[in-house]
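Have a look at the structure below before the remarks.
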Amino acid sequence: MGSGASALREEASGSSSSAATGLGDLPESCVAMVLKYLEPKDICKLAKLNRAFREASSADFVWESKLPSNYQRLIEKVFDKFPDDLCKKDIYAMLCRPNSFDGGTKKAWLEKSTGGICLAISTKGLTVTGIDDRRYWNHILIDESRFSTVAYLQQIWWFEINGEVEFPFPAGTYSVFFRLQLGRPYKRLGRHLCSSEHIHGWDIKPVHFQLSTSDGQHAVSQCFVNEPGKWINYHVGDFLVETSNKPTNLKFSMTQIDCTHTKGGLCVDSVVIHPSVFKERLKRF
């Protein structure tokens, strides 16, 4: 698609000598029909060529083809108020930003290259055992989180985090991850560093992950949490959304409830849900 866009730019700018006229002479409606089949980044590049391409690149049907089929449901879920006079191009641009909702505990955005929906849920949107007891947990401010704050575990016997979300996912396959780091992050002289002072107990027994959906899907996985000082996406499992017409209810958890030993020194940033096409890029194991 990129090479095709390059050819279009060449002809539209008049640099091709193979014809007396170029694509820049096409009616806007014809140009828009071509742009409809290009990726958003290529549409934006071609919009800079001339007036015809610029006007065609703003056509509603061009950008509606890039929006999820249930984008109206997404808008209703994520935004308390949404302008009703926006063109489809502006709607697409707004949905591509990380949009906070549910009191700032969740963020949703469109992934530009695929148009798939992504979701992040902060620890303040999860149920964490002992989170209100400062002997066990603390909230710390960091700039490495989408939510600017993470939950840091000093020490606990019973480790359990549960979450639930109902969301109008477009049809497709999605992957769920917990974003974790062993060690307490801090900054010194502008550098991101990590303290391993409280890290213990994670090499004795694995952590267990589970997810389930309202239509009966289940996934279970387990692994050891290791590699201090690195933010890692630990894969929980995948789920399939067959229809965009109704919301999906998703439940997920992370546990290590062997009370023969304590565990600590863990940072929990968020739960992230992405289209599964990105699973291998995000996957920990």
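Chains: A, B, ... in order of the structure tokens. Residues: from 1 per chain. Ligands: from 1, in order shown.
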
Residues at most 10 Å from Cys259 (chain A), counting only C-alpha atoms, excluding those fewer than 6 positions away in the same chain, as a short mmCIF file (atom, residue, chain, number, x, y, z; two decimals) with C-alpha atoms, in the first residue's frame?
data_model
loop_
_atom_site.label_atom_id
_atom_site.label_comp_id
_atom_site.auth_asym_id
_atom_site.auth_seq_id
_atom_site.Cartn_x
_atom_site.Cartn_y
_atom_site.Cartn_z
CA ILE A 156 1.91 -9.59 51.58
CA TRP A 157 0.93 -13.20 52.22
CA TRP A 158 -2.22 -13.40 50.08
CA PHE A 159 -1.72 -11.77 46.67
#

* Name the residues of region 56-218 of chain A that come out as helix (DSSP H, G or I) in a backbone DSSP run; write them as a PyMOL selection string. => chain A and resi 56+60-64+71-78+88-95+123-125

* Asked: Which one is closest to Lys187 (chain A): A:Ile161, A:Cys96, A:Ile142, A:Leu110? Count only C-alpha atoms.
  ->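 The shortest atom-to-atom distance to Lys187 (chain A) comes from A:Ile142.
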
* Asked: Out of A:Glu166, A:Asp215, A:Asp203, A:Glu39, which residue has the shortest atom-to-atom distance to Leu67 (chain A) when counting only C-alpha atoms?
  -> A:Glu39

Closest atom pairs, region 112-204 of chain A residues within 12 Å of region 88-92 of chain A, only C-alpha atoms, as CSV:
residue,atom,partner,partner_atom,distance
A:Lys112,CA,A:Tyr92,CA,9.2
A:Gly115,CA,A:Tyr92,CA,9.2
A:Gly116,CA,A:Tyr92,CA,11.8
A:Ile117,CA,A:Tyr92,CA,11.7

* Enumerate the residues of region 91-248 of chain A with a DSSP assignment of strand (DSSP E), computed from the backbone, and present them as a PyMOL selection string. => chain A and resi 99-101+106-110+117-122+127-128+137-141+149-153+159-167+172-182+184-188+191-195+207-213+218-223+232-241+248

File dump, residues just selected, C-alpha atoms, as a short mmCIF file (atom, residue, chain, number, x, y, z; two decimals), in the first residue's frame:
data_model
loop_
_atom_site.label_atom_id
_atom_site.label_comp_id
_atom_site.auth_asym_id
_atom_site.auth_seq_id
_atom_site.Cartn_x
_atom_site.Cartn_y
_atom_site.Cartn_z
CA ASN A 99 -9.53 8.79 26.15
CA SER A 100 -10.11 8.48 29.88
CA PHE A 101 -13.43 7.31 31.31
CA LYS A 106 -9.72 3.40 32.22
CA LYS A 107 -8.45 4.58 28.85
CA ALA A 108 -9.54 3.52 25.37
CA TRP A 109 -8.15 4.34 21.95
CA LEU A 110 -8.08 3.14 18.35
CA ILE A 117 -9.74 -0.87 19.88
CA CYS A 118 -7.28 -0.92 22.80
CA LEU A 119 -8.17 -0.65 26.47
CA ALA A 120 -6.11 0.01 29.61
CA ILE A 121 -7.38 -0.32 33.19
CA SER A 122 -5.42 1.23 36.05
CA THR A 127 -9.97 -4.96 43.16
CA VAL A 128 -6.64 -5.49 44.95
CA TRP A 137 0.60 -1.38 49.26
CA ASN A 138 1.46 2.16 48.26
CA HIS A 139 0.49 4.26 45.25
CA ILE A 140 3.53 5.93 43.72
CA LEU A 141 3.76 8.57 40.99
CA THR A 149 0.51 6.26 39.16
CA VAL A 150 1.13 2.57 39.94
CA ALA A 151 0.47 0.30 42.90
CA TYR A 152 3.61 -0.91 44.67
CA LEU A 153 3.52 -4.02 46.87
CA PHE A 159 -1.72 -11.77 46.67
CA GLU A 160 -4.89 -11.35 44.62
CA ILE A 161 -6.03 -8.87 41.97
CA ASN A 162 -9.42 -9.10 40.27
CA GLY A 163 -10.97 -7.00 37.55
CA GLU A 164 -14.16 -6.79 35.52
CA VAL A 165 -15.10 -4.64 32.57
CA GLU A 166 -18.10 -4.42 30.26
CA PHE A 167 -17.14 -2.84 26.97
CA GLY A 172 -12.29 -9.64 16.58
CA THR A 173 -9.82 -11.50 18.79
CA TYR A 174 -8.25 -9.75 21.78
CA SER A 175 -5.39 -10.46 24.18
CA VAL A 176 -5.26 -9.52 27.86
CA PHE A 177 -2.07 -8.64 29.74
CA PHE A 178 -1.00 -7.50 33.20
CA ARG A 179 1.73 -4.84 32.97
CA LEU A 180 4.15 -5.50 35.85
CA GLN A 181 7.64 -4.70 37.07
CA LEU A 182 9.70 -6.26 39.83
CA ARG A 184 10.32 0.00 42.94
CA PRO A 185 10.89 2.53 40.13
CA TYR A 186 12.42 5.93 40.85
CA LYS A 187 14.30 8.66 39.03
CA ARG A 188 17.73 10.13 39.75
CA ARG A 191 17.38 8.52 34.71
CA HIS A 192 14.81 5.78 35.35
CA LEU A 193 16.14 3.41 38.01
CA CYS A 194 14.75 0.53 40.05
CA SER A 195 15.21 -0.50 43.67
CA VAL A 207 1.57 -16.52 39.54
CA HIS A 208 -1.78 -17.70 38.17
CA PHE A 209 -3.82 -15.74 35.60
CA GLN A 210 -7.43 -16.31 34.58
CA LEU A 211 -10.01 -14.69 32.34
CA SER A 212 -13.62 -15.44 31.47
CA THR A 213 -16.25 -13.80 29.28
CA HIS A 218 -12.21 -19.21 29.65
CA ALA A 219 -8.43 -19.00 29.67
CA VAL A 220 -5.88 -19.94 32.33
CA SER A 221 -2.11 -19.41 32.40
CA GLN A 222 0.74 -19.25 34.90
CA CYS A 223 4.35 -18.11 35.04
CA ILE A 232 6.75 -6.61 31.13
CA ASN A 233 3.33 -7.52 29.74
CA TYR A 234 2.37 -10.88 31.24
CA HIS A 235 -0.10 -12.66 28.99
CA VAL A 236 -3.36 -13.74 30.66
CA GLY A 237 -5.18 -15.16 27.65
CA ASP A 238 -7.26 -14.37 24.56
CA PHE A 239 -10.96 -14.00 23.86
CA LEU A 240 -13.09 -13.75 20.74
CA VAL A 241 -15.80 -11.18 20.08
CA THR A 248 -18.73 -8.05 26.19
#

* In terms of the shortest atom-to-atom distance over only C-alpha atoms, which of A:Lys205, A:His274, A:Lys36, A:Lys41 is closest to Ala56 (chain A)? -> A:Lys36

* Selected residue, from A:Leu49, A:Val62, A:Leu189, A:Met254, that lies nearest to Val34 (chain A) when counting only C-alpha atoms ->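 Answer, going by the shortest atom-to-atom distance: A:Val62.
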
* Could you work out how far CA of Gln154 (chain A) lies from CA of Pro206 (chain A), giving the answer in Å with one decimal? ->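 We find that CA of Pro206 (chain A) and CA of Gln154 (chain A) lie 18.2 Å from each other.
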
* Between A:Asp102, A:Asp269, A:Glu280, A:Glu242, which is the closest to Arg146 (chain A) once you count only C-alpha atoms? ->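 With only C-alpha atoms as the atom set, the closest residue is A:Asp269.
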